[in-house]
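Shown next, in structure tokens, is the structure this report addresses.
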Amino acid sequence: MSDPFADLLLRLRQDAGRTQEEQAEAINAVSGRDTMTRREISRYENFENIPTNHTIGHIAVACGVPFEELQREAKAARGRKRKGHANAEDQDAVKRRTLLGGAAAGVSAAAEPWGRLAIALGKGAKIDSPSAGVLIDRAAELHVQELNISARRLQSTVESHLDAITAALPRAGEHERALTIAAGETAALAGWVAWDLGEHDKADAYYTVTSQCAATAGHPPLRALALTYSSYGASTPKAKLELLSQAASDVRGRGNATAAAWVLGRHAEEAAAAGDEMGALRALERARFAYDFADHASEQAWVRFVTPYRMDSLALSVYGQLGRPELNAAAGTAVDRLGDELPGGGVVVLGDLASALLRGGDVDQGVYVSNQFVAAAQAKPNTMGKERASAIAASLPDSEPELGRVLRQFAS
């Protein structure tokens, strides 16, 4: 049985360019829970069921339409369903309403998420505080999930959330700056995931729109996030260090200590790879100093992935590449911090530890940790695992052909 409200939900989804499964993911991204399914979307669009007002709020944010208008249409549909008159209202009249004309059209105006975000950045309207808070908090959560979820699994979730924020931006009102920053944080993570999957042009597009978000919001640390992610894919050591130098200038000042620690740690890592021992050690010292003053609770949301484990991995990478005597002490600290159960980010630490031990000449211990890394990376895939696997494989002795094969296969 058809109904104007069911047709309206169908049209909103189609205007957003989503399948039923993608619509469910977008709604889940807004709600922060994996409760919506493709089957439930189908039931709504076939007028087998009408969403609750709570769910309508999530649909409104995911599709970029006013909650009050969508709620009113749902109320009318419930009345028709009770009376058994699904077609009592002219369907074409419903489709012509402003509900379909504003934000939803903007969402579908571009074929890719970064394009839709670019269109939405210049527009303003209103969204309620709870909805804005959900979107912002979800963006932060995704940066933590990156430590424990493979890029392939994470990609659709990140892009669905970016679509949800993009749909909300034209109605952001007083929340426009906060949502723009959250959109940029999500776009940067989408770029990082795309790069990990080998979609380099797509990654560059995401990083570009992240910088656009930073400029729109007047928030330089957001550009630092894009620049630091970009540094992994830069073509030369000089280009990597230039990106990281610019990123470091974007995170100077109060409230940026954690971000500065990560950027400086990456600078140390790339300086070590380029053979600049003094520059690498100086940058690592500054990174550790900044981290000592970090306050995760009051800084940018995305810095939650810069855990003590991540700082350990950066130190191991630097000392291993330079062959420094501090490697043994750093390795002991990292292993003690990991404990018996591998935490989020622990796979990266094992990868850097294995690579550092092999480069530092402790081959037997390096091979042992490499095997631990393989087991952990397969059990807990994340977006840093493949790069670590390639580095370890390149450092293995010829006596470990099978381990090298497994690592190269994992990296590909």
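Residues in the structure tokens are named by chain (A, B, ... in the order shown) and by number from 1 within that chain; ligands are numbered from 1 in the order shown.
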**Nearby residues (only C-alpha atoms) at most 12 Å from region 55-59 of chain A, same-chain spacing under 2 positions excluded, as a PyMOL selection string** = chain A and resi 5+8-10+12-13+16+23-33+35-36+40-41+44+50-53+61-75+104+127-128+130-132+134-135+161+164-165+167-168
Counting only C-alpha atoms, give me one row per residue of region 259-350 of chain A with an atom at most 12 Å from an atom of region 359-382 of chain A, showing the shortest contact pair and its distance in Å to one decimal, sorted by chain then residue number, as a tab-separated table.
residue	atom	partner	partner_atom	distance
A:Ala273	CA	A:Arg359	CA	11.8
A:Leu316	CA	A:Gly360	CA	10.5
A:Ser317	CA	A:Arg359	CA	9.7
A:Val318	CA	A:Arg359	CA	10.8
A:Tyr319	CA	A:Gly360	CA	8.4
A:Gly320	CA	A:Gly360	CA	5.6
A:Gln321	CA	A:Arg359	CA	6.5
A:Leu322	CA	A:Gly360	CA	8.1
A:Gly323	CA	A:Gly360	CA	5.1
A:Arg324	CA	A:Gly360	CA	7.8
A:Pro325	CA	A:Gly360	CA	8.9
A:Glu326	CA	A:Gly360	CA	10.7
A:Leu327	CA	A:Gly360	CA	8.1
A:Asn328	CA	A:Gly360	CA	9.6
A:Ala331	CA	A:Val369	CA	11.1
A:Val335	CA	A:Val369	CA	10.6
A:Glu341	CA	A:Ala376	CA	10.5
A:Leu342	CA	A:Ala376	CA	8.0
A:Pro343	CA	A:Lys380	CA	9.8
A:Gly344	CA	A:Lys380	CA	8.8
A:Gly345	CA	A:Asn382	CA	8.5
A:Gly346	CA	A:Ala376	CA	8.4
A:Val347	CA	A:Ala377	CA	5.9
A:Val348	CA	A:Phe373	CA	8.4
A:Val349	CA	A:Phe373	CA	8.8
A:Leu350	CA	A:Phe373	CA	5.4
**Item:** Residues within 12 Å of His143 (chain A), only C-alpha atoms, excluding chain neighbours under 5 positions, as an MDAnalysis selection string
**Value:** chainID A and resid 136:138 148:149 151 154:155 157:158 182 185:190 192:193 225 300:307 344:345 382:383
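With only C-alpha atoms as the atoms that count, the residue of A:Leu197, A:Lys81, A:Gly17, A:Glu174 with the shortest distance to Ser2 (chain A) is A:Lys81.
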**Asked** Tell me, which residues of region 312-385 of chain A carry DSSP helix (DSSP H, G or I), written as a ChimeraX atom specification?
**Response** /A:312-322,327-338,346-360,363-379,385
Just write the chosen residues, C-alpha atoms, as a PDB file, in the first residue's frame.
ATOM      1  CA  ASP A 312      55.552   4.791  22.114  1.00  0.00           C
ATOM      2  CA  SER A 313      55.338   3.662  18.494  1.00  0.00           C
ATOM      3  CA  LEU A 314      56.732   6.987  17.234  1.00  0.00           C
ATOM      4  CA  ALA A 315      59.692   6.772  19.614  1.00  0.00           C
ATOM      5  CA  LEU A 316      60.388   3.185  18.568  1.00  0.00           C
ATOM      6  CA  SER A 317      60.259   4.174  14.909  1.00  0.00           C
ATOM      7  CA  VAL A 318      62.719   7.036  15.426  1.00  0.00           C
ATOM      8  CA  TYR A 319      65.207   5.108  17.568  1.00  0.00           C
ATOM      9  CA  GLY A 320      65.039   2.046  15.332  1.00  0.00           C
ATOM     10  CA  GLN A 321      65.712   3.998  12.137  1.00  0.00           C
ATOM     11  CA  LEU A 322      68.619   5.836  13.764  1.00  0.00           C
ATOM     12  CA  LEU A 327      65.808   1.748  21.655  1.00  0.00           C
ATOM     13  CA  ASN A 328      66.065  -0.936  24.357  1.00  0.00           C
ATOM     14  CA  ALA A 329      64.651   1.286  27.090  1.00  0.00           C
ATOM     15  CA  ALA A 330      61.878   2.536  24.776  1.00  0.00           C
ATOM     16  CA  ALA A 331      61.036  -1.052  23.820  1.00  0.00           C
ATOM     17  CA  GLY A 332      60.809  -2.070  27.469  1.00  0.00           C
ATOM     18  CA  THR A 333      58.498   0.830  28.245  1.00  0.00           C
ATOM     19  CA  ALA A 334      56.278   0.023  25.263  1.00  0.00           C
ATOM     20  CA  VAL A 335      56.013  -3.677  26.132  1.00  0.00           C
ATOM     21  CA  ASP A 336      55.214  -2.916  29.778  1.00  0.00           C
ATOM     22  CA  ARG A 337      52.509  -0.470  28.749  1.00  0.00           C
ATOM     23  CA  LEU A 338      50.909  -2.972  26.349  1.00  0.00           C
ATOM     24  CA  GLY A 346      48.793  -1.951  20.247  1.00  0.00           C
ATOM     25  CA  VAL A 347      49.142  -3.413  16.756  1.00  0.00           C
ATOM     26  CA  VAL A 348      50.972  -0.285  15.628  1.00  0.00           C
ATOM     27  CA  VAL A 349      53.330  -0.514  18.609  1.00  0.00           C
ATOM     28  CA  LEU A 350      54.160  -4.136  17.824  1.00  0.00           C
ATOM     29  CA  GLY A 351      54.802  -3.213  14.196  1.00  0.00           C
ATOM     30  CA  ASP A 352      57.149  -0.376  15.064  1.00  0.00           C
ATOM     31  CA  LEU A 353      58.857  -2.475  17.712  1.00  0.00           C
ATOM     32  CA  ALA A 354      59.469  -5.337  15.265  1.00  0.00           C
ATOM     33  CA  SER A 355      60.791  -2.973  12.616  1.00  0.00           C
ATOM     34  CA  ALA A 356      62.983  -1.138  15.134  1.00  0.00           C
ATOM     35  CA  LEU A 357      64.503  -4.348  16.499  1.00  0.00           C
ATOM     36  CA  LEU A 358      65.288  -5.638  13.004  1.00  0.00           C
ATOM     37  CA  ARG A 359      66.859  -2.359  11.945  1.00  0.00           C
ATOM     38  CA  GLY A 360      68.765  -2.142  15.217  1.00  0.00           C
ATOM     39  CA  VAL A 363      67.260 -10.074  14.547  1.00  0.00           C
ATOM     40  CA  ASP A 364      66.049 -12.944  16.731  1.00  0.00           C
ATOM     41  CA  GLN A 365      63.921 -10.704  18.923  1.00  0.00           C
ATOM     42  CA  GLY A 366      62.776  -8.787  15.844  1.00  0.00           C
ATOM     43  CA  VAL A 367      61.542 -11.972  14.169  1.00  0.00           C
ATOM     44  CA  TYR A 368      59.771 -13.021  17.372  1.00  0.00           C
ATOM     45  CA  VAL A 369      57.928  -9.684  17.630  1.00  0.00           C
ATOM     46  CA  SER A 370      57.203  -9.777  13.880  1.00  0.00           C
ATOM     47  CA  ASN A 371      55.293 -13.010  14.363  1.00  0.00           C
ATOM     48  CA  GLN A 372      53.388 -11.410  17.238  1.00  0.00           C
ATOM     49  CA  PHE A 373      52.574  -8.477  14.973  1.00  0.00           C
ATOM     50  CA  VAL A 374      51.219 -10.766  12.220  1.00  0.00           C
ATOM     51  CA  ALA A 375      48.892 -12.514  14.657  1.00  0.00           C
ATOM     52  CA  ALA A 376      47.721  -9.229  16.199  1.00  0.00           C
ATOM     53  CA  ALA A 377      47.244  -7.453  12.867  1.00  0.00           C
ATOM     54  CA  GLN A 378      45.102 -10.274  11.545  1.00  0.00           C
ATOM     55  CA  ALA A 379      43.036 -10.378  14.738  1.00  0.00           C
ATOM     56  CA  GLY A 385      48.801  -2.327   9.836  1.00  0.00           C
TER      57      GLY A 385
END
Just want the 9 Å neighbourhood of Glu285 (chain A), counted on only C-alpha atoms, with same-chain residues fewer than 3 positions away dropped. Output as a short mmCIF file (atom, residue, chain, number, x, y, z; two decimals) with all heavy atoms, in the first residue's frame.
data_model
loop_
_atom_site.label_atom_id
_atom_site.label_comp_id
_atom_site.auth_asym_id
_atom_site.auth_seq_id
_atom_site.Cartn_x
_atom_site.Cartn_y
_atom_site.Cartn_z
N LEU A 264 54.69 16.64 15.78
CA LEU A 264 56.14 16.65 16.03
C LEU A 264 56.71 15.23 16.03
O LEU A 264 57.83 15.00 15.56
CB LEU A 264 56.44 17.34 17.35
CG LEU A 264 56.19 18.85 17.37
CD1 LEU A 264 56.19 19.38 18.80
CD2 LEU A 264 57.24 19.58 16.53
N GLY A 265 55.94 14.27 16.55
CA GLY A 265 56.38 12.88 16.50
C GLY A 265 56.51 12.37 15.08
O GLY A 265 57.46 11.66 14.73
N ALA A 268 59.59 13.86 13.62
CA ALA A 268 60.77 13.12 14.07
C ALA A 268 60.94 11.83 13.27
O ALA A 268 62.06 11.46 12.86
CB ALA A 268 60.63 12.80 15.56
N ALA A 280 65.71 14.78 14.06
CA ALA A 280 64.75 13.79 14.53
C ALA A 280 64.69 13.75 16.05
O ALA A 280 63.60 13.74 16.64
CB ALA A 280 65.12 12.41 13.98
N LEU A 281 65.84 13.72 16.70
CA LEU A 281 65.87 13.65 18.15
C LEU A 281 65.30 14.92 18.78
O LEU A 281 64.60 14.86 19.81
CB LEU A 281 67.30 13.43 18.64
CG LEU A 281 67.91 12.06 18.26
CD1 LEU A 281 69.36 11.99 18.70
CD2 LEU A 281 67.10 10.92 18.88
N ARG A 282 65.56 16.06 18.16
CA ARG A 282 65.02 17.32 18.69
C ARG A 282 63.49 17.33 18.57
O ARG A 282 62.79 17.72 19.51
CB ARG A 282 65.61 18.51 17.93
CG ARG A 282 65.20 19.86 18.51
CD ARG A 282 65.69 21.03 17.68
NE ARG A 282 67.13 21.01 17.53
CZ ARG A 282 67.79 20.87 16.38
NH1 ARG A 282 67.10 20.71 15.25
NH2 ARG A 282 69.09 20.88 16.35
N ARG A 288 57.46 14.78 23.01
CA ARG A 288 57.24 14.23 24.35
C ARG A 288 56.94 15.34 25.35
O ARG A 288 56.10 15.17 26.25
CB ARG A 288 58.47 13.44 24.78
CG ARG A 288 58.57 12.09 24.08
CD ARG A 288 59.86 11.39 24.42
NE ARG A 288 59.73 9.95 24.27
CZ ARG A 288 60.76 9.11 24.35
NH1 ARG A 288 61.98 9.58 24.56
NH2 ARG A 288 60.58 7.82 24.20
N PHE A 289 57.62 16.45 25.22
CA PHE A 289 57.38 17.60 26.11
C PHE A 289 55.94 18.09 25.94
O PHE A 289 55.24 18.35 26.92
CB PHE A 289 58.37 18.72 25.79
CG PHE A 289 58.22 19.92 26.68
CD1 PHE A 289 58.75 19.93 27.95
CD2 PHE A 289 57.54 21.05 26.23
CE1 PHE A 289 58.61 21.04 28.78
CE2 PHE A 289 57.39 22.17 27.04
CZ PHE A 289 57.93 22.16 28.33
N ALA A 290 55.49 18.21 24.68
CA ALA A 290 54.13 18.66 24.42
C ALA A 290 53.11 17.68 25.00
O ALA A 290 52.10 18.08 25.59
CB ALA A 290 53.90 18.82 22.92
#
**9 Å contact set for Thr180 (chain A), only C-alpha atoms, chain neighbours under 5 positions out, as number ranges by chain** = A: 121, 165-166, 169, 172, 175, 185, 213-214, 216-217
**Item:** Among the residues A:Lys386, A:His54, A:Pro237, A:Ala194, the one that comes closest to Ser156 (chain A) [using only C-alpha atoms]
**Value:**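 Looking at the shortest contact to Ser156 (chain A), the residue is A:Ala194.
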**Residue neighbourhood Gln246 (chain A), 10 Å, only C-alpha atoms, exclusion window fewer than 4 positions, as a ChimeraX atom specification** = /A:223-224,227-228,241-242,250-251,263
